[in-house]
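Novice: Below is a structure I'd like to ask you about.
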Amino acid sequence: ILIILVLALRIFGRLELDPKRRGPVIQCEIRVNFVIFGMAIIASLYGSENTGLIAIMAAIIIPLTSTISAILFEVYRGGRGKPMLLLNIIKNPYLIGAALGLIFLLLRIPLPQPVEKTVSDIGGMATPYCLIVLGGSIHLSRFGDYGRSLWLAVLGKSVIIPLVFIPLVVLAGFRGDALAALAVMLACPTAVSGYTLANQCGADGELAAQLIVVTTLFSVVTMFLTIWVLTSMALI
């Protein structure tokens, strides 16, 4: 993820001149939709009782990429001094939530059962709710407005990243469920919550929405091909 971030910063930092578009484009490359795609695919391959590895990966990668995206959006928002930038980063709800979750996890602070169930139910609603909001907010007539920005980001996310990094993971010696989890992560579309984050931070929410929709459509093909190739080669 960090290697992809560095490459995205270098490439799109030069190619995308509009700061409001640069954040959603870079976010598209690093964020992954583990909730809908990752868990379901690993469960279908190895059974629901063997999703522990990808659950651990999700617990690390989702807060990490959400935090990085929130910082990028604040940096690219521009127009303010460093103290105000730092204050806005600290006040970002995504960062506050990730920090609180990490504190509770590390200190092993248990939540009361009613609170835990409520939080779990709200968490289960988050992705479907975001999809509904996304579907109601996107403007099909504006798909032509982002031609270069949209398709370069989609090319990177849906084609180049899986083609480059999955063979590297195979060469590194990963096999079985570990390889499957990493391959799914690399072939997943952009996380749906990225649309909400982009709007909240004053970035181009319409571009973020279009990137989510298009990478999700592409992932139907790329995910199938990824799993089929790895399975046919007896790697997973």
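Numbering starts fresh at 1 for the residues of each chain in the structure tokens, the chains themselves are lettered A, B, ... in the order given, and ligands are numbered from 1 as they appear.
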Just want the 9 Å neighbourhood of Gly194 (chain A), counted on only C-alpha atoms, with same-chain residues fewer than 2 positions away dropped. Output as a VMD selection string.
Specialist: chain A and resid 24 27 to 28 31 66 69 190 to 192 196 to 199 205 208 to 209 212
Novice: Which residues in region 10-223 of chain A does DSSP call helix (DSSP H, G or I)? List them as a PyMOL selection string.
Specialist: chain A and resi 10-15+19-30+34-46+48-50+52-77+82-91+93-106+113-137+140-171+176-187+193-200+205-223
Novice: Can you work out the spacing between CA of Ile96 (chain A) and CA of Pro63 (chain A) in Å, to one decimal?
Specialist: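 Distance reported for this atom pair: 10.6 Å.
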Novice: Which neighbours of region 41-44 of chain A fall inside 8 Å, counting only C-alpha atoms, when residues of the same chain fewer than 5 positions from it are skipped, and could you give them as a CSV table (one decimal) with N, CA, C and O atoms, in the first residue's frame?
Specialist:
```
chain,number,residue,atom,x,y,z
A,49,GLU,N,-15.3,-19.7,7.9
A,49,GLU,CA,-14.5,-19.9,9.1
A,49,GLU,C,-13.1,-19.6,8.9
A,49,GLU,O,-12.3,-19.5,9.8
A,50,ASN,N,-12.7,-19.3,7.6
A,50,ASN,CA,-11.3,-19.0,7.3
A,50,ASN,C,-11.0,-17.6,6.8
A,50,ASN,O,-10.2,-17.4,5.9
A,51,THR,N,-11.8,-16.7,7.3
A,51,THR,CA,-11.6,-15.3,6.9
A,51,THR,C,-10.8,-14.5,7.9
A,51,THR,O,-10.8,-13.3,7.8
A,54,ILE,N,-7.9,-12.2,6.3
A,54,ILE,CA,-8.3,-11.0,5.6
A,54,ILE,C,-9.0,-10.0,6.6
A,54,ILE,O,-8.9,-8.8,6.4
A,177,ASP,N,-4.2,-19.2,1.2
A,177,ASP,CA,-5.1,-18.2,1.6
A,177,ASP,C,-4.3,-16.8,1.8
A,177,ASP,O,-5.0,-15.8,1.6
A,180,ALA,N,-4.3,-15.4,-1.7
A,180,ALA,CA,-5.6,-15.1,-2.1
A,180,ALA,C,-6.0,-13.7,-1.5
A,180,ALA,O,-6.6,-12.8,-2.1
A,181,ALA,N,-5.7,-13.6,-0.2
A,181,ALA,CA,-6.0,-12.3,0.5
A,181,ALA,C,-5.3,-11.1,-0.1
A,181,ALA,O,-5.9,-10.1,-0.3
A,184,VAL,N,-6.7,-10.4,-3.6
A,184,VAL,CA,-8.0,-9.7,-3.5
A,184,VAL,C,-7.9,-8.3,-3.2
A,184,VAL,O,-8.5,-7.4,-3.7
```
Novice: What lies within 9 Å of Phe34 (chain A) using only C-alpha atoms, ignoring chain neighbours under 5 positions off, as JSON, numbers by chain?
Specialist: {"A": [39, 40, 54, 55, 58, 62, 184, 185, 188, 189, 191]}
Novice: Keeping only N, CA, C and O atoms, write those residues as a compact mmCIF listing (two decimals), in the first residue's frame.
Specialist:
```txt
# COMPACT_ATOMS: atom_id res chain seq x y z
N MET A 39 -14.06 -9.93 1.93
CA MET A 39 -14.58 -10.97 2.82
C MET A 39 -15.39 -12.01 2.05
O MET A 39 -15.27 -13.22 2.28
N ALA A 40 -16.24 -11.54 1.13
CA ALA A 40 -17.12 -12.46 0.40
C ALA A 40 -16.32 -13.42 -0.47
O ALA A 40 -16.64 -14.62 -0.54
N ILE A 54 -7.88 -12.17 6.27
CA ILE A 54 -8.30 -10.95 5.58
C ILE A 54 -8.97 -9.99 6.55
O ILE A 54 -8.94 -8.77 6.36
N ALA A 55 -9.57 -10.50 7.63
CA ALA A 55 -10.14 -9.63 8.65
C ALA A 55 -9.04 -8.84 9.35
O ALA A 55 -9.20 -7.64 9.64
N ALA A 58 -7.83 -6.23 6.93
CA ALA A 58 -8.79 -5.13 6.86
C ALA A 58 -8.67 -4.22 8.06
O ALA A 58 -8.76 -2.99 7.95
N ILE A 62 -7.65 -0.67 6.37
CA ILE A 62 -8.74 0.31 6.27
C ILE A 62 -8.46 1.57 7.08
O ILE A 62 -8.55 2.68 6.55
N VAL A 184 -6.74 -10.39 -3.63
CA VAL A 184 -8.04 -9.73 -3.53
C VAL A 184 -7.86 -8.27 -3.16
O VAL A 184 -8.53 -7.38 -3.70
N MET A 185 -6.95 -8.01 -2.22
CA MET A 185 -6.68 -6.63 -1.82
C MET A 185 -6.22 -5.79 -3.01
O MET A 185 -6.67 -4.65 -3.21
N CYS A 188 -9.18 -5.32 -5.62
CA CYS A 188 -10.44 -4.75 -5.13
C CYS A 188 -10.68 -3.35 -5.72
O CYS A 188 -9.73 -2.61 -5.99
N PRO A 189 -11.95 -2.96 -5.87
CA PRO A 189 -12.25 -1.59 -6.29
C PRO A 189 -12.04 -0.61 -5.14
O PRO A 189 -11.75 -1.02 -4.00
N ALA A 191 -12.80 1.92 -2.11
CA ALA A 191 -13.77 1.88 -1.01
C ALA A 191 -14.88 2.90 -1.20
O ALA A 191 -14.63 4.04 -1.59
```
Novice: Find the residues near Arg148 (chain A): any atom within 10 Å, counting only C-alpha atoms, skip ones fewer than 5 places away on the same chain, and give them as an NGL selection string.
Specialist: :A and (15-16 or 153-154)
Novice: Separation of CA of Leu106 (chain A) and CA of Asn92 (chain A), in Å?
Specialist: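 Computing the Euclidean distance for CA of Leu106 (chain A) and CA of Asn92 (chain A) yields 21.3 Å.
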Novice: For a test of reading the model, state the distance in Å between CA of Leu235 (chain A) and CA of Arg175 (chain A), rounded to one decimal.
Specialist: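 That distance, rounded to one decimal, is 5.6 Å.
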Novice: Using only C-alpha atoms, determine which residues lie at most 12 Å from Leu163 (chain A), disregarding the query and same-chain residues fewer than 3 positions distant; provide the list as number ranges by chain.
Specialist: A: 155-160, 166-170, 183, 186-187, 222-223, 225-226, 229
Novice: Save the residues we just selected, C-alpha atoms, as an mmCIF file, in the first residue's frame?
Specialist:
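To be explicit, this is the file written out as part19.cif:
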```cif
data_model
loop_
_atom_site.group_PDB
_atom_site.id
_atom_site.type_symbol
_atom_site.label_atom_id
_atom_site.label_comp_id
_atom_site.auth_asym_id
_atom_site.auth_seq_id
_atom_site.Cartn_x
_atom_site.Cartn_y
_atom_site.Cartn_z
ATOM 1 C CA LEU A 155 -6.258 2.210 -15.471
ATOM 2 C CA GLY A 156 -3.878 2.382 -12.528
ATOM 3 C CA LYS A 157 -6.285 0.861 -10.023
ATOM 4 C CA SER A 158 -7.968 -1.837 -12.077
ATOM 5 C CA VAL A 159 -5.211 -2.883 -14.499
ATOM 6 C CA ILE A 160 -1.681 -1.773 -13.632
ATOM 7 C CA ILE A 166 0.222 -9.733 -7.851
ATOM 8 C CA PRO A 167 3.131 -11.381 -9.766
ATOM 9 C CA LEU A 168 5.526 -9.784 -7.258
ATOM 10 C CA VAL A 169 3.524 -11.302 -4.394
ATOM 11 C CA VAL A 170 3.699 -14.714 -6.111
ATOM 12 C CA ALA A 183 -4.512 -10.721 -4.522
ATOM 13 C CA LEU A 186 -4.778 -5.607 -4.950
ATOM 14 C CA ALA A 187 -7.705 -6.302 -7.309
ATOM 15 C CA THR A 222 -10.413 -8.194 -12.999
ATOM 16 C CA MET A 223 -11.389 -10.059 -9.822
ATOM 17 C CA LEU A 225 -9.590 -13.165 -13.982
ATOM 18 C CA THR A 226 -7.315 -12.855 -10.956
ATOM 19 C CA VAL A 229 -5.581 -17.469 -13.156
#
```
Novice: Need the shell around Ile30 (chain A): protein/DNA/RNA residues with any atom at most 7 Å away, counting only C-alpha atoms. Skip same-chain ones fewer than 6 positions apart. Format as an MDAnalysis selection string?
Specialist: chainID A and resid 1 4:5 65
Novice: Please, could you write that set of residues out with N, CA, C and O atoms as a CSV table (one decimal), in the first residue's frame?
Specialist:
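Dumped to result.csv:
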```
chain,number,residue,atom,x,y,z
A,1,ILE,N,0.8,-1.2,0.0
A,1,ILE,CA,0.0,0.0,0.0
A,1,ILE,C,0.9,1.3,0.0
A,1,ILE,O,0.6,2.2,-0.7
A,4,ILE,N,2.5,1.8,-3.4
A,4,ILE,CA,1.5,2.3,-4.3
A,4,ILE,C,1.2,3.8,-4.0
A,4,ILE,O,1.1,4.6,-5.0
A,5,LEU,N,1.2,4.1,-2.8
A,5,LEU,CA,1.0,5.5,-2.4
A,5,LEU,C,2.1,6.4,-2.9
A,5,LEU,O,1.8,7.5,-3.5
A,65,THR,N,-5.3,3.5,5.3
A,65,THR,CA,-5.6,4.2,4.1
A,65,THR,C,-6.6,5.3,4.3
A,65,THR,O,-6.6,6.3,3.6
```
Novice: Go through A:Leu211, A:Ile3, A:Met233, A:Val221 one by one, measure the shortest atom-to-atom distance of each to Ser193 (chain A) using only C-alpha atoms, and give the residue with the smallest value.
Specialist: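 For Ser193 (chain A), the nearest of the candidates is A:Leu211.
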